[in-house]
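Next up, start.csv (CSV, C-alpha atoms):
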```csv
chain,number,residue,atom,x,y,z
A,81,MET,CA,0.0,0.0,0.0
A,82,GLY,CA,3.0,2.3,0.3
A,83,GLU,CA,2.2,3.7,3.8
A,84,GLN,CA,5.5,5.1,5.2
A,85,LYS,CA,4.4,5.8,8.8
A,86,THR,CA,6.2,3.7,11.4
A,87,LYS,CA,4.6,0.4,11.5
A,88,ASN,CA,3.9,-1.5,14.7
A,89,SER,CA,4.0,-5.2,13.7
A,90,PHE,CA,4.0,-6.5,17.3
A,91,LEU,CA,1.1,-7.1,19.6
A,92,ASP,CA,1.2,-7.9,23.3
A,93,GLY,CA,0.0,-11.5,23.9
A,94,ALA,CA,-2.0,-13.7,21.6
A,95,ILE,CA,-3.5,-12.4,18.4
A,96,PRO,CA,-7.3,-12.5,19.1
A,97,PRO,CA,-9.2,-14.3,16.4
A,98,GLU,CA,-11.4,-11.3,16.1
A,99,LYS,CA,-8.5,-9.4,14.7
A,100,ILE,CA,-8.5,-11.6,11.7
A,101,ALA,CA,-12.2,-11.0,11.1
A,102,GLU,CA,-11.7,-7.2,11.6
A,103,SER,CA,-8.9,-7.1,9.1
A,104,ILE,CA,-11.0,-8.9,6.5
A,105,ALA,CA,-13.9,-6.5,7.2
A,106,ALA,CA,-11.6,-3.5,6.8
A,107,HIS,CA,-11.0,-4.4,3.2
A,108,ARG,CA,-14.7,-4.5,2.3
A,109,HIS,CA,-14.4,-1.1,0.5
A,110,LYS,CA,-11.3,-2.2,-1.5
A,111,THR,CA,-13.3,-3.5,-4.4
A,112,GLY,CA,-10.3,-4.0,-6.6
A,113,ILE,CA,-9.3,-7.0,-4.6
A,114,GLY,CA,-10.2,-10.5,-5.9
A,115,GLY,CA,-8.4,-12.7,-3.5
A,116,HIS,CA,-6.9,-12.7,0.0
A,117,ALA,CA,-4.3,-15.1,1.4
A,118,ILE,CA,-4.0,-15.5,5.1
A,119,PHE,CA,-1.5,-17.4,7.2
A,120,LEU,CA,-2.0,-17.9,10.9
A,121,GLY,CA,0.7,-19.3,13.1
A,122,GLN,CA,-0.5,-21.0,16.2
A,123,VAL,CA,1.4,-22.1,19.3
A,124,ARG,CA,1.5,-25.9,19.2
A,125,ASN,CA,1.8,-28.2,22.2
A,126,ASP,CA,5.1,-29.8,21.2
A,127,VAL,CA,6.3,-32.6,23.4
A,128,ILE,CA,10.0,-32.3,24.1
A,129,ASP,CA,11.7,-35.0,26.3
A,130,GLY,CA,8.3,-36.0,27.6
A,131,LYS,CA,7.4,-32.4,28.6
A,132,GLU,CA,4.5,-30.6,26.9
A,133,VAL,CA,4.8,-27.0,25.7
A,134,ARG,CA,2.1,-24.9,27.4
A,135,ALA,CA,3.0,-21.5,26.0
A,136,ILE,CA,5.7,-19.6,24.2
A,137,ASP,CA,7.1,-16.4,25.4
A,138,PHE,CA,8.2,-14.2,22.5
A,139,THR,CA,10.8,-11.5,22.5
A,140,ALA,CA,12.1,-9.4,19.7
A,141,TYR,CA,14.9,-6.9,19.0
A,142,ARG,CA,12.1,-4.4,18.3
A,143,GLU,CA,13.8,-1.6,16.3
A,144,MET,CA,15.8,-4.0,14.2
A,145,ALA,CA,12.8,-6.3,13.7
A,146,GLU,CA,10.6,-3.4,12.5
A,147,GLN,CA,13.3,-2.3,10.1
A,148,THR,CA,13.7,-5.8,8.8
A,149,ILE,CA,10.0,-6.3,8.3
A,150,ALA,CA,9.8,-2.9,6.5
A,151,GLY,CA,12.5,-4.1,4.1
A,152,ILE,CA,10.8,-7.4,3.4
A,153,ARG,CA,7.4,-5.6,2.9
A,154,GLU,CA,9.0,-3.2,0.4
A,155,ASP,CA,10.7,-5.9,-1.5
A,156,VAL,CA,7.6,-8.1,-1.7
A,157,PHE,CA,5.4,-5.2,-2.8
A,158,ALA,CA,7.9,-4.4,-5.5
A,159,ARG,CA,7.8,-8.0,-6.8
A,160,TYR,CA,4.1,-8.9,-6.5
A,161,PRO,CA,1.1,-6.8,-7.6
A,162,LEU,CA,-0.5,-6.6,-4.2
A,163,GLU,CA,-3.3,-4.4,-3.0
A,164,CYS,CA,-2.5,-4.9,0.7
A,165,MET,CA,-0.2,-6.6,3.1
A,166,HIS,CA,-0.4,-7.0,6.8
A,167,ILE,CA,2.1,-8.7,9.2
A,168,TYR,CA,1.6,-9.1,12.9
A,169,HIS,CA,3.5,-11.1,15.5
A,170,SER,CA,2.9,-11.6,19.2
A,171,LEU,CA,5.2,-10.5,22.0
A,172,GLY,CA,5.1,-12.0,25.4
A,173,VAL,CA,3.4,-15.1,26.5
A,174,VAL,CA,1.0,-16.9,24.1
A,175,GLU,CA,-0.6,-20.1,25.2
A,176,ALA,CA,-0.8,-23.3,23.2
A,177,GLY,CA,-3.8,-23.1,20.9
A,178,ALA,CA,-3.6,-19.3,20.6
A,179,LEU,CA,-2.4,-17.4,17.5
A,180,CYS,CA,1.0,-15.7,17.5
A,181,PHE,CA,1.6,-14.9,13.8
A,182,PHE,CA,-0.7,-13.4,11.2
A,183,VAL,CA,0.1,-12.6,7.6
A,184,PHE,CA,-2.5,-11.2,5.3
A,185,THR,CA,-2.1,-10.4,1.6
A,186,SER,CA,-4.6,-9.2,-0.9
A,187,SER,CA,-4.4,-8.8,-4.7
A,188,LYS,CA,-6.6,-8.5,-7.7
A,189,HIS,CA,-6.0,-12.1,-8.8
A,190,ARG,CA,-5.4,-14.9,-6.4
A,191,LYS,CA,-1.9,-16.1,-7.3
A,192,PRO,CA,0.2,-13.0,-6.2
A,193,ALA,CA,-1.6,-13.0,-2.8
A,194,GLN,CA,-1.0,-16.7,-2.2
A,195,GLU,CA,2.6,-16.6,-3.3
A,196,ALA,CA,3.5,-13.4,-1.5
A,197,CYS,CA,1.9,-14.7,1.6
A,198,ALA,CA,4.0,-17.9,1.5
A,199,GLU,CA,7.1,-15.9,0.9
A,200,LEU,CA,6.4,-13.5,3.7
A,201,VAL,CA,6.0,-16.3,6.2
A,202,GLU,CA,9.3,-18.0,5.2
A,203,ARG,CA,11.2,-14.7,5.2
A,204,PHE,CA,9.8,-13.6,8.5
A,205,LYS,CA,10.9,-16.8,10.2
A,206,ALA,CA,14.4,-16.6,8.6
A,207,GLU,CA,15.1,-12.9,8.8
A,208,VAL,CA,13.3,-11.2,11.6
A,209,PRO,CA,15.0,-11.1,15.0
A,210,VAL,CA,12.3,-12.7,17.1
A,211,TRP,CA,12.9,-15.5,19.7
A,212,GLY,CA,10.5,-17.9,21.4
A,213,LYS,CA,11.0,-19.4,24.8
A,214,GLU,CA,9.0,-22.7,25.1
A,215,ILE,CA,7.4,-22.9,28.6
A,216,PHE,CA,6.5,-26.3,29.9
A,217,ALA,CA,3.9,-27.4,32.4
A,218,ASP,CA,6.4,-27.5,35.2
A,219,ALA,CA,7.4,-23.9,34.5
A,220,THR,CA,10.8,-24.9,33.1
A,221,TYR,CA,11.6,-23.7,29.6
A,222,GLN,CA,13.8,-24.1,26.7
A,223,TRP,CA,14.6,-21.7,23.8
A,224,LYS,CA,12.9,-22.7,20.6
A,225,GLU,CA,15.0,-23.9,17.7
A,226,LEU,CA,13.6,-23.8,14.2
A,227,LYS,CA,14.2,-26.9,12.2
A,228,SER,CA,15.9,-25.7,9.0
B,159,MET,CA,58.4,5.2,37.7
B,160,GLU,CA,55.0,3.5,38.4
B,161,VAL,CA,51.8,5.4,38.6
B,162,LYS,CA,49.2,5.0,41.3
B,163,THR,CA,45.6,5.8,40.7
B,164,TYR,CA,43.3,7.8,42.9
B,165,ILE,CA,39.6,8.6,42.5
B,166,LEU,CA,38.5,11.9,44.1
B,167,SER,CA,35.0,11.5,45.4
B,168,GLY,CA,34.6,15.3,45.9
B,169,GLY,CA,32.6,16.7,48.7
B,170,LYS,CA,28.9,16.6,49.2
B,171,SER,CA,27.1,18.3,46.3
B,172,ALA,CA,24.3,20.7,47.4
B,173,ARG,CA,22.6,20.3,44.1
B,174,MET,CA,22.7,16.6,44.2
B,175,GLY,CA,21.8,16.3,47.9
B,176,GLU,CA,24.0,13.3,48.3
B,177,ASP,CA,27.5,12.1,47.5
B,178,LYS,CA,27.8,12.3,43.7
B,179,GLY,CA,29.9,9.2,43.3
B,180,LEU,CA,27.5,7.1,45.2
B,181,LYS,CA,24.4,8.1,43.3
B,182,PRO,CA,22.7,5.0,42.0
B,183,ILE,CA,22.7,4.7,38.2
B,184,ILE,CA,20.8,1.6,37.1
B,185,GLY,CA,21.2,0.1,40.5
B,186,LYS,CA,24.9,0.6,40.9
B,187,PRO,CA,26.7,3.6,42.6
B,188,ALA,CA,28.1,5.8,39.9
B,189,ILE,CA,31.7,5.2,41.0
B,190,ARG,CA,31.2,1.5,40.3
B,191,TYR,CA,31.2,2.1,36.6
B,192,LEU,CA,34.6,3.8,36.8
B,193,LEU,CA,35.9,1.0,39.1
B,194,ASP,CA,34.8,-1.7,36.7
B,195,THR,CA,36.5,0.1,33.8
B,196,LEU,CA,39.7,0.3,35.8
B,197,ILE,CA,39.6,-3.3,36.9
B,198,ASN,CA,39.2,-4.3,33.3
B,199,ILE,CA,42.5,-2.7,32.5
B,200,ASN,CA,44.2,-4.0,35.6
B,201,ILE,CA,44.3,-0.8,37.6
B,202,HIS,CA,43.5,-1.0,41.3
B,203,PRO,CA,42.7,2.5,42.5
B,204,ALA,CA,42.2,4.0,45.9
B,205,ILE,CA,39.4,6.4,46.6
B,206,ILE,CA,39.9,9.6,48.5
B,207,ALA,CA,36.6,10.2,50.3
B,208,HIS,CA,34.9,10.8,53.6
B,209,HIS,CA,31.4,9.5,53.1
B,210,HIS,CA,31.1,6.1,54.7
B,211,GLY,CA,29.3,4.7,51.6
B,212,TYR,CA,32.6,4.4,49.8
B,213,HIS,CA,33.9,1.9,52.3
B,214,GLN,CA,31.6,-0.8,51.0
B,215,LEU,CA,33.1,-1.1,47.6
B,216,GLY,CA,36.0,-3.4,48.3
B,217,VAL,CA,38.5,-0.6,47.4
B,218,LYS,CA,41.0,1.1,49.7
B,219,VAL,CA,39.6,4.4,50.9
B,220,ILE,CA,41.7,7.2,52.4
B,221,GLY,CA,40.7,10.6,53.8
B,222,ASP,CA,42.1,13.9,52.9
B,223,VAL,CA,45.4,14.6,54.7
B,224,ILE,CA,44.3,18.2,55.1
B,225,GLY,CA,40.6,18.8,54.9
B,226,GLU,CA,38.6,21.5,53.1
B,227,LYS,CA,41.1,22.0,50.4
B,228,GLY,CA,39.0,20.9,47.5
B,229,PRO,CA,40.4,18.9,44.6
B,230,MET,CA,43.9,20.3,45.1
B,231,GLY,CA,43.7,18.8,48.6
B,232,GLY,CA,42.8,15.5,47.1
B,233,ILE,CA,45.8,15.6,44.7
B,234,TYR,CA,48.0,16.4,47.6
B,235,THR,CA,46.6,13.5,49.6
B,236,ALA,CA,47.2,11.2,46.6
B,237,LEU,CA,50.8,12.3,46.1
B,238,GLN,CA,51.6,11.9,49.9
B,239,ASP,CA,50.0,8.5,50.0
B,240,ALA,CA,51.6,7.2,46.8
B,241,GLY,CA,55.2,8.4,47.0
B,242,ALA,CA,54.9,8.1,43.2
B,243,ASP,CA,53.3,9.8,40.2
B,244,VAL,CA,49.5,9.7,40.5
B,245,LEU,CA,46.7,9.3,38.1
B,246,ILE,CA,43.8,11.4,39.3
B,247,LEU,CA,40.2,10.6,38.3
B,248,ALA,CA,36.8,11.9,39.5
B,249,ALA,CA,33.9,9.9,40.8
B,250,ASP,CA,31.4,12.2,39.1
B,251,VAL,CA,32.8,11.4,35.7
B,252,PRO,CA,32.1,7.7,36.0
B,253,PHE,CA,32.0,6.7,32.3
B,254,LEU,CA,35.5,7.7,31.5
B,255,SER,CA,36.8,5.1,29.0
B,256,ALA,CA,39.7,2.8,29.1
B,257,PRO,CA,41.3,4.2,25.9
B,258,VAL,CA,41.4,7.7,27.4
B,259,ILE,CA,42.9,6.4,30.6
B,260,ARG,CA,45.5,4.5,28.6
B,261,GLN,CA,46.3,7.6,26.6
B,262,LEU,CA,47.0,9.6,29.7
B,263,LEU,CA,49.3,6.9,31.1
B,264,GLU,CA,51.1,6.4,27.8
B,265,ASN,CA,51.7,10.2,27.3
B,266,ARG,CA,52.8,11.1,30.8
B,267,GLU,CA,56.1,12.7,31.6
B,268,ALA,CA,58.2,12.9,34.7
B,269,HIS,CA,58.3,16.7,34.8
B,270,HIS,CA,54.9,17.7,33.4
B,271,ILE,CA,51.4,17.5,34.7
B,272,THR,CA,49.4,15.7,31.9
B,273,VAL,CA,45.7,16.4,31.7
B,274,ILE,CA,42.9,15.8,29.2
B,275,ARG,CA,41.4,18.7,27.3
B,276,HIS,CA,38.0,17.7,26.1
B,277,ASN,CA,36.4,19.7,23.3
B,278,GLY,CA,38.8,22.5,24.3
B,279,ARG,CA,37.8,22.4,28.0
B,280,VAL,CA,40.5,21.4,30.4
B,281,GLN,CA,39.7,18.5,32.7
B,282,PRO,CA,42.0,18.9,35.7
B,283,LEU,CA,40.6,15.8,37.4
B,284,CYS,CA,41.5,13.7,34.5
B,285,GLY,CA,45.2,13.7,34.6
B,286,VAL,CA,48.6,12.5,35.8
B,287,TYR,CA,50.3,14.6,38.5
B,288,PRO,CA,53.9,13.6,38.9
B,289,VAL,CA,56.0,13.6,42.0
B,290,ALA,CA,57.8,16.7,40.5
B,291,CYS,CA,54.7,18.8,41.2
B,292,GLU,CA,54.3,17.8,44.8
B,293,GLN,CA,56.2,20.8,46.2
B,294,GLU,CA,54.1,23.2,44.0
B,295,VAL,CA,50.9,21.6,45.2
B,296,ALA,CA,52.0,21.6,48.9
B,297,SER,CA,52.9,25.3,48.6
B,298,ARG,CA,49.5,26.2,47.1
B,299,ILE,CA,47.7,24.2,49.8
B,300,ARG,CA,49.6,26.1,52.5
B,301,SER,CA,48.6,29.5,51.0
B,302,SER,CA,45.1,28.2,50.2
B,303,ALA,CA,45.6,29.1,46.5
B,304,LEU,CA,43.3,26.2,45.5
B,305,LYS,CA,42.3,27.0,42.0
B,306,MET,CA,43.2,24.0,39.8
B,307,MET,CA,43.5,26.1,36.6
B,308,ASP,CA,46.1,28.3,38.3
B,309,LEU,CA,48.2,25.2,39.2
B,310,LEU,CA,48.1,24.0,35.6
B,311,GLU,CA,49.1,27.5,34.3
B,312,GLY,CA,51.8,27.8,36.9
B,313,PHE,CA,53.5,24.4,36.4
B,314,PRO,CA,54.6,22.8,33.2
B,315,THR,CA,51.5,21.1,31.9
B,316,GLN,CA,50.8,19.2,28.7
B,317,TYR,CA,47.3,18.7,27.3
B,318,ILE,CA,45.9,15.7,25.5
B,319,ASP,CA,43.1,16.9,23.3
B,320,ILE,CA,40.1,14.7,22.9
B,321,ASN,CA,37.1,15.8,20.8
B,322,GLY,CA,33.6,14.4,20.6
B,323,GLN,CA,32.9,11.4,22.8
B,324,THR,CA,30.8,13.6,25.0
B,325,ASN,CA,29.2,10.6,26.8
B,326,ILE,CA,32.4,9.4,28.4
B,327,PHE,CA,33.0,12.8,29.9
B,328,HIS,CA,29.5,13.1,31.3
B,329,ASN,CA,29.6,14.8,34.6
B,330,ILE,CA,26.9,13.7,37.0
B,331,ASN,CA,26.4,17.0,38.7
B,332,THR,CA,22.6,17.3,38.9
B,333,PRO,CA,19.9,14.7,39.4
B,334,ALA,CA,18.7,15.3,35.8
B,335,ASP,CA,22.2,14.4,34.6
B,336,GLY,CA,21.7,11.1,36.4
B,337,ILE,CA,18.8,10.3,34.1
B,338,LEU,CA,20.9,11.2,31.0
B,339,ALA,CA,23.6,8.9,32.3
B,340,GLU,CA,21.1,6.1,32.6
B,341,GLN,CA,19.9,6.5,29.1
B,342,TYR,CA,23.5,6.6,27.9
B,343,LEU,CA,24.3,3.5,29.8
B,344,LEU,CA,21.3,1.5,28.6
B,345,HIS,CA,22.4,2.4,25.1
B,346,MET,CA,26.0,1.4,25.8
B,347,LYS,CA,25.0,-2.0,27.3
B,348,ILE,CA,25.4,-4.8,24.8
B,349,LYS,CA,21.9,-6.2,24.1
B,350,CYS,CA,21.5,-9.9,24.4
B,351,PHE,CA,18.6,-12.0,23.1
B,352,GLY,CA,17.3,-15.5,23.2
B,353,LYS,CA,19.4,-18.1,25.0
B,354,LEU,CA,22.2,-15.7,25.3
B,355,THR,CA,20.2,-14.0,28.1
B,356,ASP,CA,20.7,-17.2,30.1
B,357,ILE,CA,24.5,-17.1,29.6
B,358,VAL,CA,25.2,-13.4,29.8
B,359,GLN,CA,23.3,-12.2,32.8
B,360,GLU,CA,25.1,-8.9,33.2
B,361,PRO,CA,26.4,-7.6,29.8
B,362,PRO,CA,29.9,-6.3,30.5
B,363,VAL,CA,31.2,-3.1,28.9
B,364,PRO,CA,34.3,-3.7,26.8
B,365,ALA,CA,37.1,-1.2,26.2
B,366,TYR,CA,36.1,0.6,23.0
B,367,PRO,CA,37.1,0.8,20.2
B,368,LEU,CA,37.5,-2.8,19.3
B,369,SER,CA,36.7,-5.1,16.4
B,370,VAL,CA,33.7,-7.4,16.3
B,371,ALA,CA,36.1,-10.4,16.6
B,372,ALA,CA,37.8,-8.8,19.6
B,373,LEU,CA,34.4,-8.3,21.2
B,374,GLN,CA,33.5,-11.9,20.7
B,375,ALA,CA,36.8,-13.0,22.2
B,376,PHE,CA,36.2,-10.6,25.2
B,377,LEU,CA,32.8,-12.1,25.8
B,378,LEU,CA,33.9,-15.7,25.4
B,379,GLU,CA,36.6,-15.1,28.0
B,380,ARG,CA,34.0,-13.9,30.5
B,381,PHE,CA,31.3,-16.4,29.5
B,382,PRO,CA,32.9,-19.6,28.4
B,383,ALA,CA,29.4,-21.1,27.8
B,384,LEU,CA,29.1,-18.9,24.7
B,385,ALA,CA,31.3,-21.4,22.9
B,386,GLY,CA,28.3,-23.6,22.5
B,387,VAL,CA,26.0,-20.9,21.0
B,388,ALA,CA,26.1,-19.7,17.4
B,389,TYR,CA,25.3,-16.0,17.4
B,390,LYS,CA,25.6,-13.0,15.2
B,391,VAL,CA,26.6,-9.5,16.1
B,392,ALA,CA,24.5,-6.5,15.0
B,393,VAL,CA,26.1,-3.1,15.0
B,394,ASN,CA,23.5,-0.3,14.9
B,395,GLN,CA,20.9,-2.8,13.9
B,396,GLN,CA,22.8,-4.2,10.9
B,397,LEU,CA,24.3,-7.6,11.0
B,398,ALA,CA,28.1,-7.2,11.0
B,399,GLY,CA,29.3,-9.5,8.3
B,400,ASP,CA,33.0,-8.6,8.6
B,401,PRO,CA,34.6,-9.6,12.0
B,402,GLY,CA,37.1,-6.8,11.5
B,403,THR,CA,34.3,-4.2,11.7
B,404,ILE,CA,35.4,-1.7,14.4
B,405,ILE,CA,32.9,-0.8,17.1
B,406,THR,CA,33.0,2.4,19.1
B,407,GLU,CA,31.3,3.3,22.3
B,408,SER,CA,28.6,5.2,20.5
B,409,ASP,CA,27.5,2.1,18.5
B,410,GLU,CA,24.5,0.0,19.5
B,411,ILE,CA,25.6,-3.6,19.8
B,412,ALA,CA,23.3,-6.6,19.9
B,413,LEU,CA,24.1,-10.3,20.1
B,414,LEU,CA,21.6,-12.4,18.1
B,415,PRO,CA,21.3,-16.2,18.3
B,416,ALA,CA,19.3,-18.1,15.7
B,417,TYR,CA,15.8,-16.7,15.3
B,418,SER,CA,12.7,-18.7,16.2
B,419,GLY,CA,9.8,-16.4,15.5
B,420,GLY,CA,7.0,-16.7,13.0
```
Encoding of this model in structure tokens:
Amino acid sequence: MGEQKTKNSFLDGAIPPEKIAESIAAHRHKTGIGGHAIFLGQVRNDVIDGKEVRAIDFTAYREMAEQTIAGIREDVFARYPLECMHIYHSLGVVEAGALCFFVFTSSKHRKPAQEACAELVERFKAEVPVWGKEIFADATYQWKELKS
Amino acid sequence: MEVKTYILSGGKSARMGEDKGLKPIIGKPAIRYLLDTLININIHPAIIAHHHGYHQLGVKVIGDVIGEKGPMGGIYTALQDAGADVLILAADVPFLSAPVIRQLLENREAHHITVIRHNGRVQPLCGVYPVACEQEVASRIRSSALKMMDLLEGFPTQYIDINGQTNIFHNINTPADGILAEQYLLHMKIKCFGKLTDIVQEPPVPAYPLSVAALQAFLLERFPALAGVAYKVAVNQQLAGDPGTIITESDEIALLPAYSGG
């Protein structure tokens, strides 16, 4: 969309499902859009060494993360004919079963939205300085490691 | 001849309402920052002070030989105690950096007072006072001619000019300055993320300037567990690809282990 105001991509706590609905509703007037792609990341109850993940506590290097996200947005906008793009990630504790990552793209025809969305998800995970601490039922924790 | 180091705590400050060097800055007394810098370069100072708070720092404390003689009295006390050339520092300039201190020590001369001149402003309490000036100091104490600038003008003095680097000469003279100091310090602290926060509980402050590689070696020495963690260094929010990149005290440094968001 080309907005240059400072974006705030991070929310405290879980992303409420209502936010997804609100974001969709907010595009009602954008009648040039023919397709939306949405990715939702949810905290999963992984079992590690017999212990179940109850929540993930997310932290980020805020300023660098926002810069990195802005760079990825700009690059993806330049390469796909998108009408809209939204990226949100949780900070703080998000319980298993709750949403922590929301990517939403919109375009005139479906393919750019779907492809851009997939790319944004992969690039966010690879390039944005965010860390997750997996918290187990017994209050111990371990730092999450992404499988490459 | 060796040099002995003394930190002048100064008297009570009416504006501060408490002893300046003991003012807590992010939970530590201001003078602690200077003490840590000195220990990092293997200097073990003594403090010239009267406030009892200074006795709890694990550092030798001595009182003024002759009271009520201001900074000149402190220098006199130091020269008497040391029987050697003395490096004089001030508790209310707690962020003075190791490179500046080293510069003073490297450039000192037996028959000159050597002081820093920062942005054109002479810093008498940032200097080396040799045994050679002891008589001059003693004479001024006796006649209560206590102005430091007069001493520097009346005795052979050499100046080391340092420009910029305002933060390291920050003088904590008012409570508001304490807040500025806190902001500076938070900025100066190396930011750690992810599992590094388990290993590096208290991010140390290295002696700037140094390369990224030297910083990593410095950290590894203090936190051997870092050997097991792959991490990148970000300088001013950009990943530092070249380990030879030089970092200065005004750069923002962050240590980033593998990401796990999304």
| request: Determine which residues of chain A sit within 7 Å of chain B, taking into account all atoms listed in the file, and present them as JSON, numbers by chain. | output: {"A": [121, 144, 181, 201, 204, 205, 206, 209, 210, 211, 212, 223, 224, 225, 226]}
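Going from CA of Arg260 (chain B) over to CA of Ala365 (chain B), you cover 10.4 Å.
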| message | (26.6, -2.4, 15.8) in this file's frame - what residues fall within 12 Å of it? Use all atoms listed in the file and give the answer as JSON, numbers by chain. | response | {"A": [144], "B": [345, 346, 347, 348, 349, 367, 368, 369, 370, 373, 390, 391, 392, 393, 394, 395, 396, 397, 398, 399, 400, 401, 403, 404, 405, 406, 407, 408, 409, 410, 411, 412, 413, 414]}
| request: Write out as a VMD selection string the residues lying within 7 Å of Ser89 (chain A), counting all atoms listed in the file and excluding same-chain residues fewer than 3 positions away. | output: chain A and resid 146 167 to 169
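Rounded to one decimal, CA of Glu163 (chain A) and CA of Glu199 (chain A) lie 16.0 Å from each other.
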